[in-house]
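Shown below: data07.pdb, with PDB, C-alpha atoms.
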MODEL        1
ATOM      1  CA  MET A   1     165.075  -9.096  -1.202
ATOM      2  CA  ASP A   2     166.559  -7.053   1.330
ATOM      3  CA  THR A   3     166.327  -3.738   0.686
ATOM      4  CA  GLU A   4     168.549  -1.308   2.111
ATOM      5  CA  LEU A   5     167.448   1.927   2.536
ATOM      6  CA  LEU A   6     170.014   4.050   1.255
ATOM      7  CA  ASP A   7     170.878   6.368   3.879
ATOM      8  CA  LEU A   8     171.073   9.177   1.560
ATOM      9  CA  GLU A   9     172.035  12.302   3.190
ATOM     10  CA  VAL A  10     169.583  14.708   1.815
ATOM     11  CA  PRO A  11     170.352  18.226   2.617
ATOM     12  CA  ALA A  12     167.696  19.817   4.706
ATOM     13  CA  ALA A  13     165.500  22.168   2.873
ATOM     14  CA  PRO A  14     166.317  25.654   3.925
ATOM     15  CA  VAL A  15     163.702  27.239   6.018
ATOM     16  CA  ASP A  16     164.138  30.443   4.237
ATOM     17  CA  ILE A  17     164.060  28.881   0.854
ATOM     18  CA  PHE A  18     162.650  31.987  -0.737
ATOM     19  CA  VAL A  19     165.220  34.360   0.588
ATOM     20  CA  GLY A  20     165.770  36.968  -2.013
ATOM     21  CA  ASP A  21     162.369  36.588  -3.574
ATOM     22  CA  GLU A  22     160.395  38.487  -1.010
ATOM     23  CA  PRO A  23     159.938  42.205  -1.445
ATOM     24  CA  ALA A  24     162.819  44.183  -0.044
ATOM     25  CA  PRO A  25     162.137  46.101   3.122
ATOM     26  CA  VAL A  26     160.886  49.592   2.382
ATOM     27  CA  ALA A  27     163.915  51.790   2.013
ATOM     28  CA  THR A  28     163.963  54.984   4.000
ATOM     29  CA  LEU A  29     163.069  57.816   1.677
ATOM     30  CA  ARG A  30     165.766  60.392   1.452
ATOM     31  CA  ALA A  31     165.678  63.760  -0.212
ATOM     32  CA  PRO A  32     168.560  65.981  -1.239
ATOM     33  CA  ALA A  33     169.058  69.329   0.434
ATOM     34  CA  ARG A  34     171.565  72.138   0.178
ATOM     35  CA  LEU A  35     173.387  72.864   3.378
ATOM     36  CA  LEU A  36     174.265  76.544   3.794
ATOM     37  CA  GLU A  37     176.554  77.874   6.525
ATOM     38  CA  TYR A  38     175.078  81.262   7.445
ATOM     39  CA  ASP A  39     177.390  81.857  10.391
ATOM     40  CA  TRP A  40     180.387  80.040  11.864
ATOM     41  CA  LYS A  41     179.293  76.393  12.237
ATOM     42  CA  LYS A  42     175.614  77.350  11.936
ATOM     43  CA  PHE A  43     173.634  75.878   9.091
ATOM     44  CA  VAL A  44     170.303  75.980   7.352
ATOM     45  CA  ALA A  45     169.112  73.712   4.564
ATOM     46  CA  LEU A  46     167.244  74.580   1.411
ATOM     47  CA  PRO A  47     165.310  72.311  -0.930
ATOM     48  CA  VAL A  48     167.570  71.767  -3.936
ATOM     49  CA  HIS A  49     164.892  72.832  -6.409
ATOM     50  CA  THR A  50     165.008  76.331  -4.928
ATOM     51  CA  THR A  51     168.757  76.736  -5.280
ATOM     52  CA  LEU A  52     170.173  77.913  -8.572
ATOM     53  CA  GLU A  53     173.758  79.091  -8.398
ATOM     54  CA  ILE A  54     176.627  79.810  -6.064
ATOM     55  CA  VAL A  55     178.291  83.143  -6.753
ATOM     56  CA  GLU A  56     181.772  83.489  -5.302
ATOM     57  CA  GLN A  57     182.878  86.877  -4.011
ATOM     58  CA  PRO A  58     179.788  88.661  -5.297
ATOM     59  CA  GLN A  59     179.927  92.384  -5.886
ATOM     60  CA  VAL A  60     177.245  93.681  -3.546
ATOM     61  CA  ILE A  61     175.902  97.248  -3.650
ATOM     62  CA  GLU A  62     174.850  98.571  -0.246
ATOM     63  CA  VAL A  63     171.360 100.059  -0.175
ATOM     64  CA  PRO A  64     170.935 102.897   2.336
ATOM     65  CA  GLY A  65     167.885 102.511   4.507
ATOM     66  CA  ALA A  66     167.441  98.847   3.628
ATOM     67  CA  PRO A  67     166.577  96.492   6.498
ATOM     68  CA  TYR A  68     169.486  95.682   8.812
ATOM     69  CA  TYR A  69     169.643  92.100   7.580
ATOM     70  CA  SER A  70     170.153  93.162   3.991
ATOM     71  CA  ALA A  71     173.679  92.859   2.663
ATOM     72  CA  GLY A  72     172.623  94.857  -0.388
ATOM     73  CA  MET A  73     171.869  93.850  -3.923
ATOM     74  CA  MET A  74     173.875  92.052  -6.559
ATOM     75  CA  ARG A  75     173.597  91.698 -10.301
ATOM     76  CA  TRP A  76     172.671  88.234 -11.548
ATOM     77  CA  GLN A  77     171.681  87.365 -15.083
ATOM     78  CA  GLY A  78     170.738  90.909 -15.989
ATOM     79  CA  ARG A  79     168.672  91.638 -12.903
ATOM     80  CA  TRP A  80     169.341  92.908  -9.398
ATOM     81  CA  LEU A  81     168.757  90.514  -6.536
ATOM     82  CA  PRO A  82     168.400  91.255  -2.827
ATOM     83  CA  VAL A  83     171.142  89.608  -0.767
ATOM     84  CA  LEU A  84     170.078  88.606   2.731
ATOM     85  CA  ASP A  85     172.350  88.088   5.709
ATOM     86  CA  LEU A  86     170.619  85.324   7.677
ATOM     87  CA  CYS A  87     173.009  85.733  10.572
ATOM     88  CA  ALA A  88     171.935  89.357  11.005
ATOM     89  CA  LEU A  89     168.268  88.492  10.612
ATOM     90  CA  LEU A  90     168.344  85.728  13.217
ATOM     91  CA  SER A  91     170.425  87.602  15.741
ATOM     92  CA  ALA A  92     168.409  90.827  15.160
ATOM     93  CA  TYR A  93     171.485  92.938  14.499
ATOM     94  CA  ARG A  94     174.327  93.178  12.063
ATOM     95  CA  LYS A  95     177.722  92.298  13.451
ATOM     96  CA  ALA A  96     180.144  95.210  13.343
ATOM     97  CA  GLY A  97     182.975  94.744  10.897
ATOM     98  CA  THR A  98     181.175  92.051   8.950
ATOM     99  CA  PRO A  99     183.711  90.889   6.351
ATOM    100  CA  ALA A 100     183.087  91.073   2.634
ATOM    101  CA  LEU A 101     180.741  88.452   1.341
ATOM    102  CA  ARG A 102     182.570  85.275   0.291
ATOM    103  CA  HIS A 103     179.700  83.414  -1.311
ATOM    104  CA  ALA A 104     176.080  84.016  -2.189
ATOM    105  CA  LEU A 105     173.594  81.278  -2.987
ATOM    106  CA  VAL A 106     171.012  82.362  -5.559
ATOM    107  CA  VAL A 107     167.574  80.957  -4.757
ATOM    108  CA  ALA A 108     164.133  81.008  -6.338
ATOM    109  CA  TYR A 109     161.022  81.769  -4.364
ATOM    110  CA  GLN A 110     157.290  82.303  -4.667
ATOM    111  CA  THR A 111     155.515  84.452  -2.144
ATOM    112  CA  SER A 112     152.320  82.469  -2.731
ATOM    113  CA  PRO A 113     151.130  79.754  -5.098
ATOM    114  CA  GLY A 114     150.454  81.031  -8.585
ATOM    115  CA  GLN A 115     152.669  84.060  -8.163
ATOM    116  CA  ALA A 116     155.616  84.614 -10.465
ATOM    117  CA  ILE A 117     158.890  83.018  -9.440
ATOM    118  CA  GLU A 118     161.327  85.578  -8.091
ATOM    119  CA  HIS A 119     164.963  85.340  -7.155
ATOM    120  CA  GLY A 120     167.122  86.384  -4.256
ATOM    121  CA  ALA A 121     170.473  85.472  -2.750
ATOM    122  CA  ILE A 122     171.580  84.399   0.709
ATOM    123  CA  ALA A 123     175.030  85.181   2.089
ATOM    124  CA  ALA A 124     177.064  82.053   2.821
ATOM    125  CA  ALA A 125     180.191  81.743   4.941
ATOM    126  CA  SER A 126     181.408  78.710   3.003
ATOM    127  CA  LEU A 127     180.543  76.809  -0.148
ATOM    128  CA  PRO A 128     177.119  75.177   0.232
ATOM    129  CA  GLN A 129     177.109  71.379   0.313
ATOM    130  CA  THR A 130     174.536  68.849  -0.842
ATOM    131  CA  LEU A 131     173.404  66.069   1.466
ATOM    132  CA  GLN A 132     170.662  63.466   1.671
ATOM    133  CA  VAL A 133     168.116  63.824   4.444
ATOM    134  CA  GLY A 134     165.720  61.186   5.765
ATOM    135  CA  ASP A 135     162.567  61.401   7.820
ATOM    136  CA  GLU A 136     164.284  59.741  10.763
ATOM    137  CA  GLN A 137     166.472  62.835  11.101
ATOM    138  CA  GLN A 138     163.552  65.150  11.810
ATOM    139  CA  CYS A 139     163.939  67.127  15.017
ATOM    140  CA  GLU A 140     162.725  70.229  16.788
ATOM    141  CA  LEU A 141     163.648  73.700  15.566
ATOM    142  CA  PRO A 142     166.529  75.356  17.427
ATOM    143  CA  GLY A 143     165.510  77.650  20.249
ATOM    144  CA  ASP A 144     167.946  80.433  19.484
ATOM    145  CA  SER A 145     165.525  82.574  17.449
ATOM    146  CA  ASP A 146     161.771  83.137  17.346
ATOM    147  CA  LEU A 147     162.043  83.573  13.604
ATOM    148  CA  TRP A 148     162.677  79.894  12.921
ATOM    149  CA  ALA A 149     158.987  79.121  13.264
ATOM    150  CA  LEU A 150     158.225  81.797  10.663
ATOM    151  CA  ILE A 151     160.811  80.955   8.024
ATOM    152  CA  ALA A 152     161.419  77.219   8.442
ATOM    153  CA  SER A 153     159.158  74.468   7.162
ATOM    154  CA  SER A 154     160.907  71.663   9.058
ATOM    155  CA  CYS A 155     164.150  70.739  10.750
ATOM    156  CA  PHE A 156     166.538  67.817  10.844
ATOM    157  CA  SER A 157     169.485  66.718  12.882
ATOM    158  CA  HIS A 158     172.846  66.611  11.143
ATOM    159  CA  ALA A 159     176.223  66.044  12.750
ATOM    160  CA  GLY A 160     174.738  66.711  16.155
ATOM    161  CA  THR A 161     173.101  70.013  15.312
ATOM    162  CA  ALA A 162     169.585  71.005  14.344
ATOM    163  CA  VAL A 163     169.393  72.275  10.767
ATOM    164  CA  PRO A 164     166.189  74.168   9.899
ATOM    165  CA  ILE A 165     164.877  73.824   6.354
ATOM    166  CA  VAL A 166     164.193  77.370   5.224
ATOM    167  CA  HIS A 167     161.170  78.240   3.097
ATOM    168  CA  THR A 168     162.540  80.761   0.609
ATOM    169  CA  GLY A 169     159.128  82.270  -0.081
ATOM    170  CA  LYS A 170     158.620  83.083   3.584
ATOM    171  CA  LEU A 171     162.168  84.383   3.928
ATOM    172  CA  PHE A 172     162.093  86.771   0.974
ATOM    173  CA  GLY A 173     158.387  87.481   0.908
ATOM    174  CA  THR A 174     158.380  89.294   4.217
ATOM    175  CA  VAL A 175     159.998  92.559   5.255
ATOM    176  CA  TRP A 176     161.216  91.763   8.771
ATOM    177  CA  ASP A 177     161.070  95.325  10.128
TER
ATOM    178  CA  MET B   1     149.419  90.441 -30.153
ATOM    179  CA  SER B   2     147.263  90.307 -27.107
ATOM    180  CA  ALA B   3     147.542  93.285 -24.814
ATOM    181  CA  ILE B   4     147.599  90.870 -21.887
ATOM    182  CA  HIS B   5     151.031  89.657 -22.893
ATOM    183  CA  SER B   6     152.589  92.998 -23.697
ATOM    184  CA  ALA B   7     154.904  94.341 -21.036
ATOM    185  CA  PRO B   8     153.929  97.710 -19.593
ATOM    186  CA  PRO B   9     156.052 100.533 -20.950
ATOM    187  CA  GLN B  10     158.900 101.327 -18.602
ATOM    188  CA  ARG B  11     158.624 104.649 -16.851
ATOM    189  CA  GLU B  12     161.149 107.256 -17.861
ATOM    190  CA  LEU B  13     162.671 110.077 -15.856
ATOM    191  CA  ARG B  14     163.295 113.146 -17.975
ATOM    192  CA  GLY B  15     164.875 116.422 -17.041
ATOM    193  CA  ASN B  16     167.950 117.845 -15.414
ATOM    194  CA  PHE B  17     169.508 115.848 -12.627
ATOM    195  CA  VAL B  18     172.611 115.833 -10.483
ATOM    196  CA  VAL B  19     174.589 112.705  -9.626
ATOM    197  CA  LEU B  20     176.246 113.108  -6.233
ATOM    198  CA  ARG B  21     178.913 110.656  -5.108
ATOM    199  CA  ALA B  22     180.086 110.119  -1.544
ATOM    200  CA  ASP B  23     182.510 107.201  -1.425
ATOM    201  CA  THR B  24     180.531 104.294  -2.943
ATOM    202  CA  LEU B  25     177.171 106.015  -2.479
ATOM    203  CA  ARG B  26     175.707 107.568  -5.605
ATOM    204  CA  LEU B  27     172.523 109.610  -5.469
ATOM    205  CA  LEU B  28     170.415 111.095  -8.231
ATOM    206  CA  LEU B  29     168.596 114.297  -7.285
ATOM    207  CA  PRO B  30     166.574 116.704  -9.417
ATOM    208  CA  GLN B  31     168.838 119.586 -10.304
ATOM    209  CA  ALA B  32     166.249 121.969  -8.899
ATOM    210  CA  ASP B  33     166.852 120.508  -5.414
ATOM    211  CA  VAL B  34     170.585 121.182  -5.474
ATOM    212  CA  GLY B  35     172.382 124.520  -5.496
ATOM    213  CA  ALA B  36     175.622 125.334  -7.249
ATOM    214  CA  ALA B  37     178.625 123.312  -6.144
ATOM    215  CA  SER B  38     181.609 125.033  -4.584
ATOM    216  CA  TYR B  39     185.045 123.822  -3.592
ATOM    217  CA  LEU B  40     186.252 123.668  -0.027
ATOM    218  CA  ASP B  41     189.523 125.440   0.523
ATOM    219  CA  GLN B  42     189.884 123.953   3.980
ATOM    220  CA  LEU B  43     188.258 121.243   6.046
ATOM    221  CA  PRO B  44     185.061 122.342   7.802
ATOM    222  CA  GLN B  45     185.213 122.617  11.572
ATOM    223  CA  ALA B  46     183.334 120.395  13.957
ATOM    224  CA  THR B  47     180.355 121.828  15.821
ATOM    225  CA  ASP B  48     178.540 120.815  18.970
ATOM    226  CA  LEU B  49     176.199 118.768  16.842
ATOM    227  CA  PRO B  50     177.726 115.375  15.997
ATOM    228  CA  GLY B  51     178.038 114.929  12.256
ATOM    229  CA  VAL B  52     177.471 118.628  11.503
ATOM    230  CA  PHE B  53     180.430 120.796  10.511
ATOM    231  CA  ARG B  54     180.809 124.528   9.963
ATOM    232  CA  ARG B  55     182.250 126.070   6.905
ATOM    233  CA  GLY B  56     183.183 129.729   6.747
ATOM    234  CA  GLY B  57     183.086 131.794   3.598
ATOM    235  CA  ALA B  58     182.497 135.161   2.072
ATOM    236  CA  ALA B  59     178.770 134.557   2.139
ATOM    237  CA  GLY B  60     178.809 133.620   5.809
ATOM    238  CA  GLU B  61     178.794 130.331   7.632
ATOM    239  CA  GLN B  62     177.244 127.176   6.305
ATOM    240  CA  ALA B  63     176.454 123.897   8.037
ATOM    241  CA  VAL B  64     177.992 120.974   6.179
ATOM    242  CA  VAL B  65     177.347 117.250   6.428
ATOM    243  CA  ALA B  66     179.351 114.399   4.893
ATOM    244  CA  LEU B  67     177.528 111.154   4.310
ATOM    245  CA  SER B  68     178.658 107.559   4.639
ATOM    246  CA  SER B  69     177.873 104.919   2.032
ATOM    247  CA  GLN B  70     174.815 104.189   4.183
ATOM    248  CA  MET B  71     173.631 107.802   3.841
ATOM    249  CA  ARG B  72     174.380 108.624   7.437
ATOM    250  CA  PRO B  73     176.403 111.615   8.625
ATOM    251  CA  LEU B  74     180.029 110.784   9.284
ATOM    252  CA  PRO B  75     181.503 111.836  12.622
ATOM    253  CA  GLN B  76     184.731 112.986  10.923
ATOM    254  CA  TYR B  77     184.794 115.071   7.781
ATOM    255  CA  PRO B  78     186.684 113.103   5.079
ATOM    256  CA  LYS B  79     189.335 114.926   3.075
ATOM    257  CA  ASP B  80     187.945 113.722  -0.239
ATOM    258  CA  ARG B  81     184.629 115.565   0.168
ATOM    259  CA  PHE B  82     185.931 118.767  -1.290
ATOM    260  CA  LEU B  83     182.778 119.607  -3.281
ATOM    261  CA  VAL B  84     179.881 121.106  -1.365
ATOM    262  CA  THR B  85     176.382 121.588  -2.696
ATOM    263  CA  PRO B  86     173.671 123.404  -0.780
ATOM    264  CA  VAL B  87     170.466 121.459  -0.471
ATOM    265  CA  VAL B  88     167.301 123.178   0.645
ATOM    266  CA  THR B  89     165.554 120.892   3.079
ATOM    267  CA  PRO B  90     162.560 121.249   5.374
ATOM    268  CA  GLN B  91     165.126 121.454   8.196
ATOM    269  CA  GLY B  92     166.824 124.420   6.553
ATOM    270  CA  GLU B  93     169.633 124.754   4.071
ATOM    271  CA  PHE B  94     172.491 122.333   4.559
ATOM    272  CA  GLY B  95     175.664 121.866   2.630
ATOM    273  CA  PHE B  96     176.500 118.292   1.725
ATOM    274  CA  GLY B  97     180.063 117.310   0.965
ATOM    275  CA  TRP B  98     180.710 115.068  -2.042
ATOM    276  CA  SER B  99     183.634 113.471  -3.819
ATOM    277  CA  GLU B 100     182.108 114.010  -7.230
ATOM    278  CA  VAL B 101     179.244 116.009  -8.703
ATOM    279  CA  GLN B 102     177.938 115.435 -12.198
ATOM    280  CA  VAL B 103     175.118 117.372 -13.849
ATOM    281  CA  LEU B 104     172.911 115.571 -16.366
ATOM    282  CA  ILE B 105     171.092 117.943 -18.718
ATOM    283  CA  ASP B 106     167.879 116.826 -20.398
ATOM    284  CA  ALA B 107     168.572 113.277 -19.335
ATOM    285  CA  ARG B 108     166.332 110.310 -20.035
ATOM    286  CA  LEU B 109     166.718 107.664 -17.398
ATOM    287  CA  LYS B 110     164.924 104.404 -16.778
ATOM    288  CA  PRO B 111     164.312 103.878 -13.071
ATOM    289  CA  GLN B 112     164.148 100.375 -11.635
ATOM    290  CA  ALA B 113     162.358  99.526  -8.432
ATOM    291  CA  LEU B 114     164.506  98.253  -5.605
ATOM    292  CA  PRO B 115     163.948  94.553  -4.873
ATOM    293  CA  ALA B 116     160.962  94.371  -2.521
ATOM    294  CA  ALA B 117     163.024  92.733   0.222
ATOM    295  CA  LEU B 118     165.278  95.807   0.330
ATOM    296  CA  ALA B 119     162.649  98.521   0.264
ATOM    297  CA  ALA B 120     161.892  99.132   3.938
ATOM    298  CA  SER B 121     158.613 100.953   4.409
ATOM    299  CA  ASN B 122     160.352 103.914   6.031
ATOM    300  CA  GLY B 123     163.445 103.760   3.846
ATOM    301  CA  PRO B 124     164.540 106.803   1.845
ATOM    302  CA  LEU B 125     165.057 104.966  -1.432
ATOM    303  CA  LYS B 126     162.605 103.159  -3.677
ATOM    304  CA  GLU B 127     164.249 103.246  -7.106
ATOM    305  CA  PHE B 128     167.599 103.404  -8.798
ATOM    306  CA  VAL B 129     169.007 103.989 -12.259
ATOM    307  CA  GLU B 130     172.093 102.587 -13.895
ATOM    308  CA  ILE B 131     174.481 105.157 -15.333
ATOM    309  CA  GLU B 132     177.669 103.878 -16.946
ATOM    310  CA  ASP B 133     177.308 100.535 -15.132
ATOM    311  CA  GLN B 134     176.988 102.253 -11.764
ATOM    312  CA  VAL B 135     173.968 102.007  -9.511
ATOM    313  CA  VAL B 136     172.641 105.489  -8.693
ATOM    314  CA  PHE B 137     169.823 105.735  -6.171
ATOM    315  CA  CYS B 138     166.954 108.108  -6.927
ATOM    316  CA  CYS B 139     166.248 110.541  -4.128
ATOM    317  CA  ASP B 140     165.186 114.112  -3.500
ATOM    318  CA  ALA B 141     166.161 116.839  -1.071
ATOM    319  CA  ALA B 142     163.366 116.172   1.414
ATOM    320  CA  ARG B 143     164.005 112.426   1.665
ATOM    321  CA  LEU B 144     167.760 112.960   1.754
ATOM    322  CA  ALA B 145     167.432 115.369   4.654
ATOM    323  CA  ASP B 146     164.760 113.379   6.468
ATOM    324  CA  TYR B 147     166.885 110.249   6.468
ATOM    325  CA  ALA B 148     170.383 111.658   6.788
ATOM    326  CA  LEU B 149     169.665 114.291   9.394
ATOM    327  CA  ALA B 150     167.245 112.161  11.412
ATOM    328  CA  SER B 151     169.854 109.417  11.735
ATOM    329  CA  ARG B 152     172.513 111.836  12.987
ATOM    330  CA  ASP B 153     173.934 110.419  16.215
TER
ENDMDL
END
For the file at hand, write its structure as structure tokens.
Amino acid sequence: MDTELLDLEVPAAPVDIFVGDEPAPVATLRAPARLLEYDWKKFVALPVHTTLEIVEQPQVIEVPGAPYYSAGMMRWQGRWLPVLDLCALLSAYRKAGTPALRHALVVAYQTSPGQAIEHGAIAAASLPQTLQVGDEQQCELPGDSDLWALIASSCFSHAGTAVPIVHTGKLFGTVWD
Amino acid sequence: MSAIHSAPPQRELRGNFVVLRADTLRLLLPQADVGAASYLDQLPQATDLPGVFRRGGAAGEQAVVALSSQMRPLPQYPKDRFLVTPVVTPQGEFGFGWSEVQVLIDARLKPQALPAALAASNGPLKEFVEIEDQVVFCCDAARLADYALASRD
């Protein structure tokens, strides 16, 4: 009996037959951060867990003799918080004719582990934004102020600029005379 | 209740005080540091010393200073500082011009410490009180004069 091999066209087994079953590539870890504009087109970031509330047009009381980078103090939830002007601190002087504060971001800080949590506020030129930051964005601190190394815990690149991540405990826990 | 968890009693200021207002600046001084207020009948005249003005009167001339909201002498004497109180300072007796003077008799006030980030080591103010929803900074004649007159430029 002749046999005829049936020339069955068997589809070739895919080489990557298990596509979809292998573990997915490790996703880049990203963490949320608050982006705060402290001067025109100049930004810092804060860990979201340290940021509590944005106060629009805060009523700030000037404090005579306070450090030059202090905008004063403002009432928040029954207590008085220091309001810092990062622009003045980083440029080592307060710009003449500084306009009234438009926004203040209330933050929490600890001066050292185990200490009570305290609160302060940072002047903001615009409404703070939230963004996701990945390790691949890490970059060097900007070179425009020696203070960055003292108040920033890291830095990342965003939209072509270096954005330092400010440590609120270092910022508020020091009197920068 | 454990004593560990009880809050320390808040300090109280008791006595006679004067609230002095210059624009948005409000200061609380012991009444003993401040002399009787008098009205200006005309603007004080400038002197050779920037920020120091001269006021004439029946009792003779008096140096007068008007403070900004930052507690610094103003180069021009504002028209609204028509109340002058003498303050005896280590630098001598100066008149300070105010917009408003209020005497508090046998007052009981609860001072609050300034936030640490605002209390510069050489600053003139460490505490404040709240009176009728207004922040009033606690001071005394010596610190007022030391800061205000030293910063005269």
Per-residue nearest contacts chain A to chain B, cut-off 10 Å, using only C-alpha atoms, as a tab-separated table:
residue	atom	partner	partner_atom	distance
A:Ile61	CA	B:Val135	CA	7.8
A:Glu62	CA	B:Gln70	CA	7.2
A:Val63	CA	B:Gln70	CA	6.9
A:Pro64	CA	B:Gln70	CA	4.5
A:Gly65	CA	B:Gly123	CA	4.7
A:Ala66	CA	B:Leu118	CA	5.0
A:Pro67	CA	B:Ala120	CA	6.0
A:Tyr68	CA	B:Leu118	CA	9.5
A:Tyr69	CA	B:Leu118	CA	9.2
A:Ser70	CA	B:Leu118	CA	6.6
A:Ala71	CA	B:Leu118	CA	9.2
A:Gly72	CA	B:Leu118	CA	7.4
A:Met73	CA	B:Pro115	CA	8.0
A:Arg79	CA	B:Pro115	CA	9.8
A:Trp80	CA	B:Pro115	CA	7.2
A:Leu81	CA	B:Pro115	CA	6.5
A:Pro82	CA	B:Pro115	CA	5.9
A:Val83	CA	B:Leu118	CA	8.6
A:Leu84	CA	B:Ala117	CA	8.5
A:Glu118	CA	B:Pro115	CA	9.9
A:His119	CA	B:Pro115	CA	9.5
A:Gly120	CA	B:Ala117	CA	8.8
A:Leu171	CA	B:Ala117	CA	9.2
A:Phe172	CA	B:Ala117	CA	6.1
A:Gly173	CA	B:Ala117	CA	7.0
A:Thr174	CA	B:Ala117	CA	7.0
A:Val175	CA	B:Ala117	CA	5.9
A:Trp176	CA	B:Ala117	CA	8.8
A:Asp177	CA	B:Ala120	CA	7.3
- Task: Could you tell me which residues the PyMOL selection byres ((chain B and resi 47) around 12) returns for this structure, as an MDAnalysis selection string?
- Result: chainID B and resid 44:46 48:55 61:65 75:77
Selection above as a file: C-alpha atoms, as a PDB file, in the coordinates of the input:
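The resulting result14.pdb:
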ATOM      1  CA  PRO B  44     185.061 122.342   7.802  1.00  0.00           C
ATOM      2  CA  GLN B  45     185.213 122.617  11.572  1.00  0.00           C
ATOM      3  CA  ALA B  46     183.334 120.395  13.957  1.00  0.00           C
ATOM      4  CA  ASP B  48     178.540 120.815  18.970  1.00  0.00           C
ATOM      5  CA  LEU B  49     176.199 118.768  16.842  1.00  0.00           C
ATOM      6  CA  PRO B  50     177.726 115.375  15.997  1.00  0.00           C
ATOM      7  CA  GLY B  51     178.038 114.929  12.256  1.00  0.00           C
ATOM      8  CA  VAL B  52     177.471 118.628  11.503  1.00  0.00           C
ATOM      9  CA  PHE B  53     180.430 120.796  10.511  1.00  0.00           C
ATOM     10  CA  ARG B  54     180.809 124.528   9.963  1.00  0.00           C
ATOM     11  CA  ARG B  55     182.250 126.070   6.905  1.00  0.00           C
ATOM     12  CA  GLU B  61     178.794 130.331   7.632  1.00  0.00           C
ATOM     13  CA  GLN B  62     177.244 127.176   6.305  1.00  0.00           C
ATOM     14  CA  ALA B  63     176.454 123.897   8.037  1.00  0.00           C
ATOM     15  CA  VAL B  64     177.992 120.974   6.179  1.00  0.00           C
ATOM     16  CA  VAL B  65     177.347 117.250   6.428  1.00  0.00           C
ATOM     17  CA  PRO B  75     181.503 111.836  12.622  1.00  0.00           C
ATOM     18  CA  GLN B  76     184.731 112.986  10.923  1.00  0.00           C
ATOM     19  CA  TYR B  77     184.794 115.071   7.781  1.00  0.00           C
TER      20      TYR B  77
END
Build an axis-aligned box that encloses every atom of region 81-96 of chain A listed in the file, pad it by 6 Å on each side, and report its centre and edge lengths in Å to one decimal, as AutoDock Vina command-line options.
--center_x 174.2 --center_y 90.3 --center_z 4.6 --size_x 23.9 --size_y 21.9 --size_z 34.3
- Item | Test item: the PyMOL selection byres ((chain A and resi 43) around 12) resolved as an NGL selection string | :A and (33-42 or 44-46 or 86-87 or 90 or 123-129 or 142 or 155-166)
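The spacing separating CA of Leu28 (chain B) from CA of Pro86 (chain B) amounts to 14.8 Å.
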- Message: Give me the residues near Ala145 (chain B) as a VMD selection string, where near means some atom within 9 Å (using all atoms listed in the file) and where sequence neighbours in that chain fewer than 2 positions away do not count.
- Response: chain B and resid 87 to 91 94 140 to 143 147 to 150
Evaluated on this file, the PyMOL selection byres ((chain A and resi 134) around 9) picks out some residues - which ones are they, written as a short mmCIF file (atom, residue, chain, number, x, y, z; two decimals) with C-alpha atoms, keeping the file's coordinate frame?
data_model
loop_
_atom_site.label_atom_id
_atom_site.label_comp_id
_atom_site.auth_asym_id
_atom_site.auth_seq_id
_atom_site.Cartn_x
_atom_site.Cartn_y
_atom_site.Cartn_z
CA THR A 28 163.96 54.98 4.00
CA LEU A 29 163.07 57.82 1.68
CA ARG A 30 165.77 60.39 1.45
CA ALA A 31 165.68 63.76 -0.21
CA PRO A 32 168.56 65.98 -1.24
CA GLN A 132 170.66 63.47 1.67
CA VAL A 133 168.12 63.82 4.44
CA ASP A 135 162.57 61.40 7.82
CA GLU A 136 164.28 59.74 10.76
CA GLN A 137 166.47 62.84 11.10
CA GLN A 138 163.55 65.15 11.81
CA PHE A 156 166.54 67.82 10.84
#
